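J.: Structure file upload.cif (mmCIF, C-alpha atoms, pLDDT in the B column; chains and numbers go by the auth columns) is given on the next line.
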data_upload
#
loop_
_atom_site.group_PDB
_atom_site.id
_atom_site.type_symbol
_atom_site.label_atom_id
_atom_site.label_comp_id
_atom_site.label_asym_id
_atom_site.label_seq_id
_atom_site.Cartn_x
_atom_site.Cartn_y
_atom_site.Cartn_z
_atom_site.B_iso_or_equiv
_atom_site.auth_seq_id
_atom_site.auth_asym_id
ATOM 1 C CA MET A 1 83.039 97.192 73.570 89.00 1 A
ATOM 2 C CA ASP A 2 85.852 96.368 75.967 94.00 2 A
ATOM 3 C CA TYR A 3 87.400 98.300 78.852 96.00 3 A
ATOM 4 C CA LYS A 4 90.636 98.655 76.869 95.00 4 A
ATOM 5 C CA ASP A 5 88.712 100.717 74.293 95.00 5 A
ATOM 6 C CA ILE A 6 87.863 103.422 76.836 97.00 6 A
ATOM 7 C CA LEU A 7 89.968 106.339 78.078 96.00 7 A
ATOM 8 C CA VAL A 8 89.310 108.921 80.786 94.00 8 A
ATOM 9 C CA LYS A 9 90.451 112.500 81.306 92.00 9 A
ATOM 10 C CA HIS A 10 91.659 114.106 84.548 88.00 10 A
ATOM 11 C CA LEU A 11 92.740 117.615 85.403 84.00 11 A
ATOM 12 C CA ILE A 12 95.570 116.276 87.558 81.00 12 A
ATOM 13 C CA LYS A 13 98.722 114.409 86.562 84.00 13 A
ATOM 14 C CA VAL A 14 99.274 111.007 88.120 82.00 14 A
ATOM 15 C CA ASP A 15 101.259 108.009 86.901 79.00 15 A
ATOM 16 C CA ASN A 16 100.793 106.501 83.448 78.00 16 A
ATOM 17 C CA SER A 17 99.043 109.236 81.497 81.00 17 A
ATOM 18 C CA ILE A 18 98.823 108.480 77.771 81.00 18 A
ATOM 19 C CA CYS A 19 98.889 112.088 76.629 82.00 19 A
ATOM 20 C CA PHE A 20 97.974 115.648 77.500 81.00 20 A
ATOM 21 C CA SER A 21 95.026 117.357 75.808 81.00 21 A
ATOM 22 C CA ASN A 22 94.853 120.817 77.328 80.00 22 A
ATOM 23 C CA PRO A 23 93.716 121.030 80.120 85.00 23 A
ATOM 24 C CA HIS A 24 93.349 117.254 80.668 88.00 24 A
ATOM 25 C CA TYR A 25 95.671 114.302 81.069 89.00 25 A
ATOM 26 C CA VAL A 26 94.351 111.176 79.343 93.00 26 A
ATOM 27 C CA TYR A 27 94.479 107.724 80.944 94.00 27 A
ATOM 28 C CA LYS A 28 93.488 104.141 80.340 94.00 28 A
ATOM 29 C CA LEU A 29 90.490 103.338 82.532 95.00 29 A
ATOM 30 C CA GLU A 30 92.552 100.955 84.679 95.00 30 A
ATOM 31 C CA ASP A 31 94.991 103.810 85.355 94.00 31 A
ATOM 32 C CA SER A 32 92.281 106.312 86.266 94.00 32 A
ATOM 33 C CA VAL A 33 92.350 107.899 89.694 93.00 33 A
ATOM 34 C CA GLN A 34 88.974 106.335 90.507 96.00 34 A
ATOM 35 C CA HIS A 35 90.035 102.795 89.610 96.00 35 A
ATOM 36 C CA LYS A 36 93.432 103.049 91.303 95.00 36 A
ATOM 37 C CA SER A 37 91.694 104.256 94.467 96.00 37 A
ATOM 38 C CA LEU A 38 89.437 101.206 94.432 97.00 38 A
ATOM 39 C CA ILE A 39 92.339 98.804 93.853 97.00 39 A
ATOM 40 C CA THR A 40 94.734 100.286 96.409 96.00 40 A
ATOM 41 C CA LYS A 41 92.154 101.623 98.892 96.00 41 A
ATOM 42 C CA ASP A 42 94.274 104.797 98.890 96.00 42 A
ATOM 43 C CA TYR A 43 92.109 107.823 98.110 95.00 43 A
ATOM 44 C CA LYS A 44 94.780 110.527 98.384 94.00 44 A
ATOM 45 C CA ASP A 45 94.867 111.271 94.634 92.00 45 A
ATOM 46 C CA TYR A 46 91.080 110.977 94.440 93.00 46 A
ATOM 47 C CA ARG A 47 90.658 113.622 97.142 94.00 47 A
ATOM 48 C CA ILE A 48 92.993 115.924 95.186 90.00 48 A
ATOM 49 C CA LEU A 49 91.048 115.264 91.976 90.00 49 A
ATOM 50 C CA VAL A 50 87.673 116.200 93.485 92.00 50 A
ATOM 51 C CA LYS A 51 88.895 118.937 95.818 89.00 51 A
ATOM 52 C CA ASN A 52 87.135 121.770 93.947 80.00 52 A
ATOM 53 C CA GLN A 53 84.238 119.814 92.452 83.00 53 A
ATOM 54 C CA LYS A 54 80.687 120.180 93.728 85.00 54 A
ATOM 55 C CA GLU A 55 79.328 117.062 92.034 89.00 55 A
ATOM 56 C CA HIS A 56 81.994 114.651 93.373 92.00 56 A
ATOM 57 C CA SER A 57 83.433 113.907 96.798 94.00 57 A
ATOM 58 C CA TYR A 58 85.093 111.075 98.665 94.00 58 A
ATOM 59 C CA ILE A 59 81.884 110.466 100.635 94.00 59 A
ATOM 60 C CA LYS A 60 79.739 110.347 97.466 95.00 60 A
ATOM 61 C CA PHE A 61 82.187 107.946 95.796 96.00 61 A
ATOM 62 C CA LYS A 62 82.184 105.592 98.791 96.00 62 A
ATOM 63 C CA LYS A 63 78.366 105.675 98.844 96.00 63 A
ATOM 64 C CA LEU A 64 78.256 104.893 95.109 96.00 64 A
ATOM 65 C CA GLN A 65 80.517 101.892 95.739 96.00 65 A
ATOM 66 C CA ARG A 66 78.249 100.593 98.516 96.00 66 A
ATOM 67 C CA THR A 67 74.985 101.111 96.638 96.00 67 A
ATOM 68 C CA PHE A 68 76.126 100.363 93.082 97.00 68 A
ATOM 69 C CA ASP A 69 73.529 98.457 91.068 96.00 69 A
ATOM 70 C CA ILE A 70 74.342 97.825 87.405 96.00 70 A
ATOM 71 C CA ASN A 71 70.628 97.560 86.637 94.00 71 A
ATOM 72 C CA LYS A 72 69.970 101.111 87.858 94.00 72 A
ATOM 73 C CA ILE A 73 72.812 103.135 86.359 94.00 73 A
ATOM 74 C CA ASP A 74 72.340 106.034 83.975 95.00 74 A
ATOM 75 C CA LYS A 75 73.931 105.604 80.567 96.00 75 A
ATOM 76 C CA ILE A 76 77.653 106.317 80.518 97.00 76 A
ATOM 77 C CA LYS A 77 78.378 109.042 77.987 97.00 77 A
ATOM 78 C CA LEU A 78 81.251 108.471 75.564 97.00 78 A
ATOM 79 C CA GLU A 79 82.632 110.158 72.478 96.00 79 A
ATOM 80 C CA TRP A 80 84.947 108.686 69.849 96.00 80 A
ATOM 81 C CA SER A 81 88.419 110.202 69.506 93.00 81 A
ATOM 82 C CA ASN A 82 89.712 109.911 65.950 93.00 82 A
ATOM 83 C CA ASP A 83 93.192 110.899 67.151 91.00 83 A
ATOM 84 C CA LEU A 84 93.419 108.239 69.869 92.00 84 A
ATOM 85 C CA LYS A 85 91.195 105.641 68.183 95.00 85 A
ATOM 86 C CA LYS A 86 89.442 105.089 71.506 95.00 86 A
ATOM 87 C CA TYR A 87 86.323 106.232 73.316 97.00 87 A
ATOM 88 C CA ILE A 88 86.656 109.079 75.830 95.00 88 A
ATOM 89 C CA VAL A 89 84.360 109.191 78.861 96.00 89 A
ATOM 90 C CA LEU A 90 82.314 112.382 79.036 95.00 90 A
ATOM 91 C CA ASP A 91 80.268 111.263 82.042 95.00 91 A
ATOM 92 C CA GLY A 92 80.587 108.050 84.013 96.00 92 A
ATOM 93 C CA CYS A 93 84.220 107.602 85.110 96.00 93 A
ATOM 94 C CA HIS A 94 83.175 106.605 88.614 96.00 94 A
ATOM 95 C CA ARG A 95 80.613 104.070 87.408 97.00 95 A
ATOM 96 C CA LEU A 96 83.049 102.580 84.878 97.00 96 A
ATOM 97 C CA ALA A 97 85.797 102.299 87.493 97.00 97 A
ATOM 98 C CA ILE A 98 83.428 100.418 89.804 98.00 98 A
ATOM 99 C CA MET A 99 82.292 98.196 86.939 98.00 99 A
ATOM 100 C CA LEU A 100 85.899 97.334 86.047 98.00 100 A
ATOM 101 C CA PHE A 101 86.750 96.762 89.707 98.00 101 A
ATOM 102 C CA ASN A 102 83.780 94.375 90.000 97.00 102 A
ATOM 103 C CA ASN A 103 84.607 92.630 86.679 97.00 103 A
ATOM 104 C CA ILE A 104 81.242 93.507 85.142 97.00 104 A
ATOM 105 C CA LYS A 105 81.052 92.600 81.458 97.00 105 A
ATOM 106 C CA LEU A 106 80.295 95.640 79.323 97.00 106 A
ATOM 107 C CA LYS A 107 77.083 95.781 77.295 95.00 107 A
ATOM 108 C CA ASP A 108 76.139 98.321 74.632 94.00 108 A
ATOM 109 C CA GLU A 109 73.023 99.224 76.634 95.00 109 A
ATOM 110 C CA TYR A 110 75.212 100.828 79.334 96.00 110 A
ATOM 111 C CA PHE A 111 76.445 103.518 76.937 96.00 111 A
ATOM 112 C CA GLY A 112 75.317 106.599 75.089 95.00 112 A
ATOM 113 C CA ILE A 113 77.789 107.561 72.365 92.00 113 A
ATOM 114 C CA ASN A 114 78.072 111.089 70.968 86.00 114 A
#
Reformat the file's structure so that it appears as structure tokens.
T.:
Amino acid sequence: MDYKDILVKHLIKVDNSICFSNPHYVYKLEDSVQHKSLITKDYKDYRILVKNQKEHSYIKFKKLQRTFDINKIDKIKLEWSNDLKKYIVLDGCHRLAIMLFNNIKLKDEYFGIN
């Protein structure tokens, strides 16, 4: 598997969405809010994305970046989209964004596919 085979979904519209699948906008991983925040060090869109989420926050994301250990991550959950001919992330956008940012080679063992 390669990063280009993976798409993410967001509830907010930012640049470069591939399509809209109600209620989500679909993005290439490199265009995800999480990855763009890591690249630019601008977390404005990220803060908007997680504004009403209990499981995510700017502070938790920064901590995940500092403590990230590829050998200790939970499996990233994906599902295949027949329409898009790509995998969609169900759980693990933050981890994948950090992995891409750190140029970590993907291995099948990192994923659980529905």
J.: In terms of the shortest atom-to-atom distance over only C-alpha atoms, which of A:Leu49, A:Ile12, A:Ile70, A:Leu29 is closest to Tyr87 in chain A?
T.: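 With only C-alpha atoms as the atom set, the closest residue is A:Leu29.
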J.: Select, counting only C-alpha atoms, all protein, DNA and RNA residues no farther than 8 Å from (90.8, 99.8, 76.3) in file coordinates, and express the selection as a ChimeraX atom specification.
T.: /A:2-7,28-29,86
J.: With only C-alpha atoms as the counted atoms, please give the residues lying no more than 9 Å from Tyr46 in chain A, apart from itself and same-chain residues fewer than 6 positions off, as a list in words.
T.: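 Answer for this query is Val33, Gln34, Lys36, Ser37, Ser57 and Tyr58 of chain A.
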J.: What is the distance, in Å and to one decimal place, between CA of Gly112 in chain A and CA of Ile39 in chain A?
T.: 26.5 Å
J.: Near range 105-109 of chain A, counting all atoms listed in the file, which residues have an atom at most 10 Å away, once you skip same-chain residues fewer than 3 positions from it, shown as a list in words?
T.: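 Skipping anything fewer than 3 positions along the chain leaves Met1, Asp2, Tyr3, Lys75, Ile76, Leu96, Met99, Leu100, Asn102, Gly112 and Ile113 of chain A.
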J.: Closest to Trp80 in chain A among A:Asn114, A:Ser21, A:Asp45, A:Lys62, using all atoms listed in the file?
T.: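 Checking each of A:Asn114, A:Ser21, A:Asp45, A:Lys62 against Trp80 in chain A, counting all atoms listed in the file, the winner is A:Asn114.
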J.: What separation in Å, quoted to one decimal, exists between CA of Arg47 in chain A and CA of Lys60 in chain A?
T.: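 These two atoms are separated by 11.4 Å.
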J.: With only C-alpha atoms as the atoms that count, which of A:Tyr43, A:Tyr110, A:Phe20, A:Tyr27 lies nearest to Ile73 in chain A?
T.: A:Tyr110
J.: I'd like to know which of A:Cys19, A:Ile98, A:Ile104, A:Val8 is closest to Arg66 in chain A, using all atoms listed in the file.
T.: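 Between A:Cys19, A:Ile98, A:Ile104, A:Val8, the residue approaching Arg66 in chain A most closely is A:Ile98.
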J.: Interatomic distance between CA of Lys13 in chain A and CA of Gly92 in chain A?
T.: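 We find that CA of Lys13 in chain A and CA of Gly92 in chain A lie 19.4 Å from each other.
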J.: Once 6 Å is added on each side, what are the centre and the three edge lengths, in Å to one decimal, of the axis-aligned box enclosing the listed atoms of range 24-32 of chain A? Present them as JSON.
T.:
{"center_x": 93.1, "center_y": 109.1, "center_z": 82.8, "size_x": 17.2, "size_y": 28.3, "size_z": 18.9}
J.: Considering only C-alpha atoms, state which residue in the set A:Ser81, A:Asp91, A:Lys41, A:Ile48 is at the smallest distance from Val14 in chain A.
T.: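 Among the listed residues, A:Ile48 lies closest to Val14 in chain A.
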J.: Considering all atoms listed in the file, state which residue in the set A:His94, A:His56, A:Leu11, A:Val89 is at the smallest distance from Phe68 in chain A.
T.: A:His94
